[in-house]
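Below is start-v8.csv, which holds CSV, C-alpha atoms and all ligand atoms.
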chain,number,residue,atom,x,y,z
A,140,MET,CA,-19.1,11.3,3.9
A,141,LEU,CA,-15.7,12.9,3.8
A,142,LEU,CA,-13.0,11.7,1.4
A,143,VAL,CA,-9.4,12.2,2.5
A,144,ILE,CA,-6.6,11.4,0.1
A,145,LYS,CA,-3.1,11.1,1.6
A,146,LYS,CA,0.2,10.3,-0.1
A,147,ASP,CA,0.8,6.7,1.0
A,148,TYR,CA,-0.1,3.9,3.3
A,149,ASP,CA,1.8,5.3,6.3
A,150,ALA,CA,0.0,8.6,6.0
A,151,ILE,CA,-3.5,7.0,6.0
A,152,SER,CA,-2.5,4.7,8.9
A,153,ASN,CA,-1.3,7.7,11.0
A,154,GLU,CA,-4.3,9.8,10.1
A,155,GLY,CA,-6.7,6.9,11.0
A,156,ALA,CA,-4.9,6.3,14.3
A,157,LYS,CA,-5.1,10.0,15.1
A,158,LEU,CA,-8.9,9.8,14.7
A,159,VAL,CA,-9.2,6.7,16.9
A,160,ALA,CA,-6.9,8.3,19.6
A,161,GLU,CA,-9.0,11.5,19.5
A,162,GLN,CA,-12.1,9.4,20.1
A,163,VAL,CA,-10.6,7.4,23.0
A,164,ARG,CA,-9.2,10.5,24.6
A,165,LYS,CA,-12.5,12.3,24.4
A,166,LYS,CA,-14.5,9.3,25.6
A,167,PRO,CA,-12.2,6.8,27.5
A,168,ASP,CA,-15.0,4.2,27.5
A,169,SER,CA,-15.6,4.4,23.8
A,170,ILE,CA,-17.1,1.4,21.9
A,171,LEU,CA,-14.7,0.7,19.0
A,172,GLY,CA,-15.4,-1.5,16.0
A,173,PHE,CA,-12.4,-3.2,14.4
A,174,ALA,CA,-11.6,-5.0,11.1
A,175,THR,CA,-9.0,-7.6,10.2
A,176,GLY,CA,-7.1,-7.8,6.9
A,177,SER,CA,-4.0,-5.9,5.7
A,178,SER,CA,-5.6,-2.4,5.5
A,179,PRO,CA,-5.8,-1.5,9.2
A,180,LEU,CA,-2.4,-3.1,10.2
A,181,GLY,CA,-0.5,0.2,10.0
A,182,LEU,CA,-3.2,2.0,12.0
A,183,TYR,CA,-3.0,-0.7,14.7
A,184,LYS,CA,0.8,-0.4,14.7
A,185,GLU,CA,0.4,3.4,15.3
A,186,LEU,CA,-2.1,2.8,18.1
A,187,ILE,CA,0.4,0.4,19.7
A,188,ARG,CA,3.0,3.1,19.5
A,189,MET,CA,0.7,5.7,21.0
A,190,HIS,CA,-0.1,3.3,23.8
A,191,ALA,CA,3.6,2.6,24.6
A,192,GLU,CA,5.0,6.1,24.1
A,193,GLU,CA,2.1,8.5,24.8
A,194,GLY,CA,0.1,6.4,27.3
A,195,LEU,CA,-3.0,6.1,25.2
A,196,ASP,CA,-5.3,4.2,27.5
A,197,PHE,CA,-7.6,1.5,26.2
A,198,SER,CA,-8.5,0.0,29.7
A,199,LYS,CA,-12.1,1.2,29.5
A,200,VAL,CA,-12.7,0.7,25.8
A,201,THR,CA,-15.1,-2.0,24.6
A,202,THR,CA,-14.5,-3.6,21.2
A,203,PHE,CA,-16.5,-5.4,18.5
A,204,ASN,CA,-15.0,-7.0,15.5
A,205,LEU,CA,-16.7,-7.2,12.2
A,206,ASP,CA,-16.5,-10.8,11.4
A,207,GLU,CA,-15.1,-14.3,12.1
A,208,TYR,CA,-14.9,-17.7,10.2
A,209,VAL,CA,-17.3,-20.4,11.3
A,210,GLY,CA,-15.6,-23.5,12.5
A,211,LEU,CA,-12.2,-22.0,13.5
A,212,PRO,CA,-11.3,-22.1,17.2
A,213,PRO,CA,-10.1,-18.7,18.6
A,214,GLY,CA,-6.5,-20.1,18.8
A,215,HIS,CA,-6.3,-21.1,15.1
A,216,ASP,CA,-3.8,-18.9,13.4
A,217,GLN,CA,-6.2,-18.0,10.6
A,218,SER,CA,-9.0,-17.0,13.0
A,219,TYR,CA,-9.9,-13.3,13.3
A,220,HIS,CA,-9.6,-13.7,17.1
A,221,TYR,CA,-6.0,-14.7,16.7
A,222,PHE,CA,-5.4,-11.9,14.2
A,223,MET,CA,-6.7,-9.3,16.6
A,224,TRP,CA,-4.8,-10.5,19.6
A,225,GLU,CA,-1.5,-10.8,17.6
A,226,ASN,CA,-1.8,-7.5,15.8
A,227,LEU,CA,-3.4,-5.3,18.4
A,228,PHE,CA,-5.0,-6.5,21.6
A,229,LYS,CA,-2.0,-8.1,23.2
A,230,HIS,CA,0.1,-5.0,22.7
A,231,ILE,CA,-2.3,-2.5,24.3
A,232,ASN,CA,-4.2,-2.5,27.7
A,233,VAL,CA,-7.6,-3.6,26.5
A,234,ASP,CA,-9.6,-5.5,29.1
A,235,PRO,CA,-10.3,-9.0,27.6
A,236,ARG,CA,-13.7,-8.9,29.2
A,237,TYR,CA,-14.6,-6.0,27.0
A,238,VAL,CA,-13.4,-7.6,23.7
A,239,HIS,CA,-16.0,-9.1,21.3
A,240,VAL,CA,-15.2,-11.1,18.2
A,241,PRO,CA,-18.0,-13.2,16.8
A,242,GLN,CA,-17.7,-16.8,18.1
A,243,GLY,CA,-16.9,-19.0,15.1
A,244,MET,CA,-17.4,-22.1,17.3
A,245,ALA,CA,-20.8,-21.1,18.7
A,246,ASP,CA,-23.1,-24.1,19.0
A,247,ASP,CA,-26.1,-22.1,17.9
A,248,VAL,CA,-24.7,-19.6,15.4
A,249,GLU,CA,-28.1,-17.9,14.8
A,250,ALA,CA,-28.6,-17.3,18.5
A,251,HIS,CA,-25.1,-16.0,18.8
A,252,CYS,CA,-25.6,-13.5,15.9
A,253,GLU,CA,-28.7,-12.2,17.7
A,254,TRP,CA,-26.8,-11.9,21.0
A,255,TYR,CA,-24.0,-10.0,19.2
A,256,GLU,CA,-26.5,-7.5,17.8
A,257,GLU,CA,-28.2,-7.1,21.2
A,258,ARG,CA,-24.8,-6.8,23.0
A,259,ILE,CA,-23.8,-3.9,20.7
A,260,VAL,CA,-27.1,-2.1,21.5
A,261,LYS,CA,-26.8,-2.9,25.2
A,262,VAL,CA,-23.4,-1.3,25.7
A,263,GLY,CA,-24.6,1.9,23.9
A,264,GLY,CA,-23.8,1.3,20.2
A,265,ILE,CA,-20.5,1.5,18.3
A,266,ASP,CA,-18.9,5.0,18.5
A,267,LEU,CA,-16.3,4.4,15.8
A,268,GLN,CA,-16.0,1.5,13.3
A,269,ILE,CA,-12.9,0.8,11.2
A,270,LEU,CA,-13.6,-0.7,7.8
A,271,GLY,CA,-11.5,-2.1,5.0
A,272,ILE,CA,-13.0,-2.7,1.5
A,273,GLY,CA,-12.7,-5.7,-0.8
A,274,GLY,CA,-11.6,-5.4,-4.4
A,275,ASN,CA,-15.3,-6.2,-5.3
A,276,GLY,CA,-16.6,-3.5,-2.9
A,277,HIS,CA,-17.5,-5.8,0.0
A,278,ILE,CA,-17.4,-4.6,3.6
A,279,ALA,CA,-16.9,-7.2,6.3
A,280,PHE,CA,-18.2,-10.4,4.7
A,281,ASN,CA,-21.1,-8.6,3.0
A,282,GLU,CA,-20.3,-9.6,-0.5
A,283,PRO,CA,-22.0,-8.0,-3.6
A,284,GLY,CA,-25.8,-8.6,-3.4
A,285,SER,CA,-26.0,-8.4,0.4
A,286,SER,CA,-29.0,-6.5,1.7
A,287,LEU,CA,-28.1,-2.9,2.6
A,288,GLY,CA,-30.3,-3.3,5.7
A,289,SER,CA,-28.7,-6.6,6.8
A,290,ARG,CA,-27.8,-7.4,10.4
A,291,THR,CA,-25.2,-9.8,12.0
A,292,ARG,CA,-25.7,-13.2,10.4
A,293,ILE,CA,-24.0,-16.3,8.9
A,294,LYS,CA,-22.9,-16.0,5.3
A,295,THR,CA,-21.7,-18.6,2.8
A,296,LEU,CA,-18.3,-17.6,1.5
A,297,THR,CA,-18.1,-17.2,-2.3
A,298,GLU,CA,-15.9,-19.7,-4.1
A,299,LYS,CA,-13.7,-16.8,-5.1
A,300,THR,CA,-13.1,-15.7,-1.5
A,301,ARG,CA,-12.4,-19.4,-0.5
A,302,GLN,CA,-9.9,-19.7,-3.3
A,303,ASP,CA,-8.3,-16.4,-2.3
A,304,ASN,CA,-7.9,-17.7,1.2
A,305,ALA,CA,-6.7,-21.2,0.3
A,306,ARG,CA,-3.1,-20.2,0.5
A,307,PHE,CA,-3.4,-19.8,4.2
A,308,PHE,CA,-4.5,-23.4,4.8
A,309,ASP,CA,-3.0,-26.8,4.0
A,310,ASN,CA,-5.7,-27.7,1.6
A,311,MET,CA,-9.0,-26.4,0.1
A,312,ASP,CA,-11.1,-28.7,2.5
A,313,GLN,CA,-9.8,-26.8,5.5
A,314,VAL,CA,-10.9,-23.4,4.1
A,315,PRO,CA,-14.0,-22.3,6.0
A,316,LYS,CA,-17.2,-22.3,4.1
A,317,TYR,CA,-19.1,-19.9,6.3
A,318,ALA,CA,-18.5,-16.8,8.3
A,319,ILE,CA,-20.3,-14.7,10.8
A,320,THR,CA,-20.4,-11.0,9.8
A,321,MET,CA,-22.0,-7.8,11.0
A,322,GLY,CA,-24.6,-6.7,8.5
A,323,ILE,CA,-24.5,-3.5,6.5
A,324,GLY,CA,-27.3,-2.2,8.7
A,325,THR,CA,-25.2,-3.0,11.8
A,326,ILE,CA,-22.2,-1.1,10.3
A,327,MET,CA,-24.3,1.9,9.4
A,328,ASP,CA,-25.6,2.2,13.0
A,329,ALA,CA,-22.0,3.1,14.1
A,330,ARG,CA,-21.8,6.8,15.0
A,331,LYS,CA,-18.6,7.2,12.9
A,332,LEU,CA,-17.0,5.1,10.2
A,333,ILE,CA,-13.4,5.2,9.0
A,334,MET,CA,-12.9,3.3,5.7
A,335,LEU,CA,-9.3,2.6,4.8
A,336,ALA,CA,-8.0,1.7,1.3
A,337,ASN,CA,-4.6,1.7,-0.2
A,338,GLY,CA,-2.9,0.6,-3.4
A,339,LYS,CA,-4.0,0.3,-7.0
A,340,GLY,CA,-5.8,-2.9,-6.4
A,341,LYS,CA,-8.5,-0.9,-4.5
A,342,ALA,CA,-8.8,1.9,-7.1
A,343,GLN,CA,-11.8,0.6,-9.0
A,344,ALA,CA,-13.6,-0.3,-5.8
A,345,ILE,CA,-13.0,3.2,-4.4
A,346,LYS,CA,-14.1,4.8,-7.6
A,347,ASN,CA,-17.4,2.8,-7.5
A,348,THR,CA,-17.8,3.6,-3.8
A,349,ILE,CA,-17.3,7.3,-4.1
A,350,GLU,CA,-18.8,8.0,-7.5
A,351,GLY,CA,-21.1,5.2,-8.2
A,352,PRO,CA,-24.8,4.9,-7.5
A,353,ILE,CA,-25.6,3.3,-4.2
A,354,SER,CA,-26.1,-0.4,-4.8
A,355,ALA,CA,-26.2,-3.7,-3.0
A,356,MET,CA,-23.9,-4.9,-5.8
A,357,VAL,CA,-21.2,-2.6,-4.3
A,358,PRO,CA,-21.9,-2.8,-0.6
A,359,ALA,CA,-19.3,-0.1,0.3
A,360,THR,CA,-21.4,2.5,-1.6
A,361,ILE,CA,-23.7,2.7,1.4
A,362,VAL,CA,-21.0,4.9,3.2
A,363,GLN,CA,-22.2,7.7,1.0
A,364,MET,CA,-25.3,7.8,3.2
A,365,HIS,CA,-23.4,7.9,6.5
A,366,GLN,CA,-23.3,11.4,8.2
A,367,HIS,CA,-19.9,10.8,9.8
A,368,ALA,CA,-17.9,8.5,7.4
A,369,THR,CA,-14.3,9.3,6.6
A,370,VAL,CA,-12.9,7.4,3.5
A,371,LEU,CA,-9.2,7.5,4.1
A,372,ILE,CA,-7.2,6.5,1.0
A,373,ASP,CA,-3.8,6.8,-0.5
A,374,GLU,CA,-3.1,8.3,-3.9
A,375,ALA,CA,-2.9,4.9,-5.6
A,376,ALA,CA,-6.3,3.9,-4.3
A,377,GLY,CA,-7.6,7.3,-5.5
A,378,SER,CA,-6.0,7.1,-8.9
A,379,LEU,CA,-9.2,6.4,-10.8
A,380,LEU,CA,-11.3,9.1,-9.2
A,381,SER,CA,-12.5,12.0,-11.3
A,382,GLU,CA,-10.4,15.1,-11.2
A,383,GLU,CA,-12.7,17.2,-9.0
A,384,TRP,CA,-12.2,14.7,-6.1
A,385,GLN,CA,-8.5,14.7,-6.5
A,386,MET,CA,-8.4,18.5,-6.4
A,387,GLY,CA,-10.7,18.7,-3.4
B,401,LIG,C1,-12.0,-8.0,7.5
B,401,LIG,C2,-13.1,-7.5,6.6
B,401,LIG,C3,-12.8,-7.5,5.1
B,401,LIG,C4,-11.6,-6.7,4.7
B,401,LIG,C5,-11.5,-6.6,3.2
B,401,LIG,C6,-10.2,-5.9,2.8
B,401,LIG,O1,-12.5,-8.0,8.9
B,401,LIG,O2,-14.1,-7.2,7.1
B,401,LIG,O3,-14.0,-7.0,4.5
B,401,LIG,O4,-11.7,-5.4,5.3
B,401,LIG,O5,-11.5,-7.9,2.6
B,401,LIG,O6,-9.1,-6.7,3.1
B,401,LIG,P1,-7.6,-6.1,3.1
B,401,LIG,O7,-7.6,-5.0,4.1
B,401,LIG,O8,-6.8,-7.3,3.5
B,401,LIG,O9,-7.4,-5.7,1.7

Represent the structure from my file as structure tokens, please.
Amino acid sequence: MLLVIKKDYDAISNEGAKLVAEQVRKKPDSILGFATGSSPLGLYKELIRMHAEEGLDFSKVTTFNLDEYVGLPPGHDQSYHYFMWENLFKHINVDPRYVHVPQGMADDVEAHCEWYEERIVKVGGIDLQILGIGGNGHIAFNEPGSSLGSRTRIKTLTEKTRQDNARFFDNMDQVPKYAITMGIGTIMDARKLIMLANGKGKAQAIKNTIEGPISAMVPATIVQMHQHATVLIDEAAGSLLSEEWQMG
């Protein structure tokens, strides 16, 4: 695991995008793993710029997203499908046939999760996976207590997560109760990981992730075990780290 601390959000976004672009230039048919949420938005914006201004070519890339709500159709403005198309895919030249986001409307969710795992393996495994981190140390929808060896599966959302999301829906009843998420084991199988975190709100989670013991109670700590994980954070997210990290 490599820790990289940059001044601010723009700097981590640009650095993250540089790593993704390097991967795509080296292997045009790369398998990329994407995340939703606010953390990767700047990185996506920079990839869009590189596509428009530098001709960064995504036409042969295959993508897999980390997670999706169960019960939301792809066109719902809170679905992760919609998020990815709005914030990245429609602005670059990905081939829609090569885009994978878990199907929240699948008739048989368990069978779909198995298919998703198999599909990742069949195309050769994820080369580079982008990750955010929750304030409680979650990665994807793997909340504290998730098995470190878990695979793609359906998870019940915690009451806290549902309440946090309630502002995006008309009322609490509309907030999804379940999500499909890649497991921690699935994420660890990716050949490279880039974890992004910015802002003071992530400082404790980052301290636990970098310095704490590896524990299912802080799922993100598992990145310590990954050979090619880059934890890319701004100074605010690194503000609680011990001094030796900040010097290094
Ligand atoms: C999203 C995901 C989540 C987020 C995390 C951080 O696909 O997997 O685990 O990465 O909740 O969210 P933000 O970036 O909004 O702080």

Name the residues, by chain letter and number, that sit within 8 Å of ligand LIG 401 (chain B) using only C-alpha atoms and all ligand atoms, and give them as a PyMOL selection string. chain A and resi 173-179+204-207+219+270-274+277-281+320+335-336+341

Take the selection from the previous step and output its residues with C-alpha atoms, as a short mmCIF file (atom, residue, chain, number, x, y, z; two decimals), keeping the file's coordinate frame.
data_model
loop_
_atom_site.label_atom_id
_atom_site.label_comp_id
_atom_site.auth_asym_id
_atom_site.auth_seq_id
_atom_site.Cartn_x
_atom_site.Cartn_y
_atom_site.Cartn_z
CA PHE A 173 -12.40 -3.20 14.40
CA ALA A 174 -11.60 -5.00 11.10
CA THR A 175 -9.00 -7.60 10.20
CA GLY A 176 -7.10 -7.80 6.90
CA SER A 177 -4.00 -5.90 5.70
CA SER A 178 -5.60 -2.40 5.50
CA PRO A 179 -5.80 -1.50 9.20
CA ASN A 204 -15.00 -7.00 15.50
CA LEU A 205 -16.70 -7.20 12.20
CA ASP A 206 -16.50 -10.80 11.40
CA GLU A 207 -15.10 -14.30 12.10
CA TYR A 219 -9.90 -13.30 13.30
CA LEU A 270 -13.60 -0.70 7.80
CA GLY A 271 -11.50 -2.10 5.00
CA ILE A 272 -13.00 -2.70 1.50
CA GLY A 273 -12.70 -5.70 -0.80
CA GLY A 274 -11.60 -5.40 -4.40
CA HIS A 277 -17.50 -5.80 0.00
CA ILE A 278 -17.40 -4.60 3.60
CA ALA A 279 -16.90 -7.20 6.30
CA PHE A 280 -18.20 -10.40 4.70
CA ASN A 281 -21.10 -8.60 3.00
CA THR A 320 -20.40 -11.00 9.80
CA LEU A 335 -9.30 2.60 4.80
CA ALA A 336 -8.00 1.70 1.30
CA LYS A 341 -8.50 -0.90 -4.50
#

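Distances to A:Ile372 were evaluated for A:Val260, A:Ile231, A:Ala150, A:Ala191 using all atoms listed in the file, and the minimum falls at A:Ala150.
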
Shell of 12 Å around A:Ile151, only C-alpha atoms, local chain residues under 3 positions omitted, as a PyMOL selection string: chain A and resi 142-148+154-158+178-183+185+333-338+369-376

Using only C-alpha atoms, determine which residues lie at most 12 Å from stretch 249-259 of chain A, disregarding the query and same-chain residues fewer than 6 positions distant; provide the list as a PyMOL selection string. chain A and resi 170-172+201-207+209+237-243+265-266+289-294+318-322+324-326+328-329

Within 12 Å of file point (-14.6, 9.3, -5.7), counting all atoms listed in the file, expressed as a ChimeraX atom specification: /A:140-144,341-352,360,362-363,370-372,374,376-387

From the set A:Val200, A:Val159, A:Leu227, A:Val357, which residue has the shortest atom-to-atom contact distance to A:Asn275, counting all atoms listed in the file? A:Val357

Report the distance between atom CA of A:Leu267 and atom CA of A:Leu186 in Å, rounded to one decimal place. 14.5 Å

Could you tell me how far atom CA of A:Asn226 lies from atom CA of A:Arg188, in Å and to one decimal? 12.2 Å

How many Å separate atom CA of A:Ile353 from atom CA of A:Pro283? 11.9 Å

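Across A:Glu298, A:Glu282, A:Asp303, A:Asp309, the tightest approach to A:Ser354 is made by A:Glu282 when counting only C-alpha atoms.
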
Pick the closest to A:Phe197 from A:Glu161, A:Asp216, A:Asp234, A:Glu225: which is it, counting all atoms listed in the file? A:Asp234
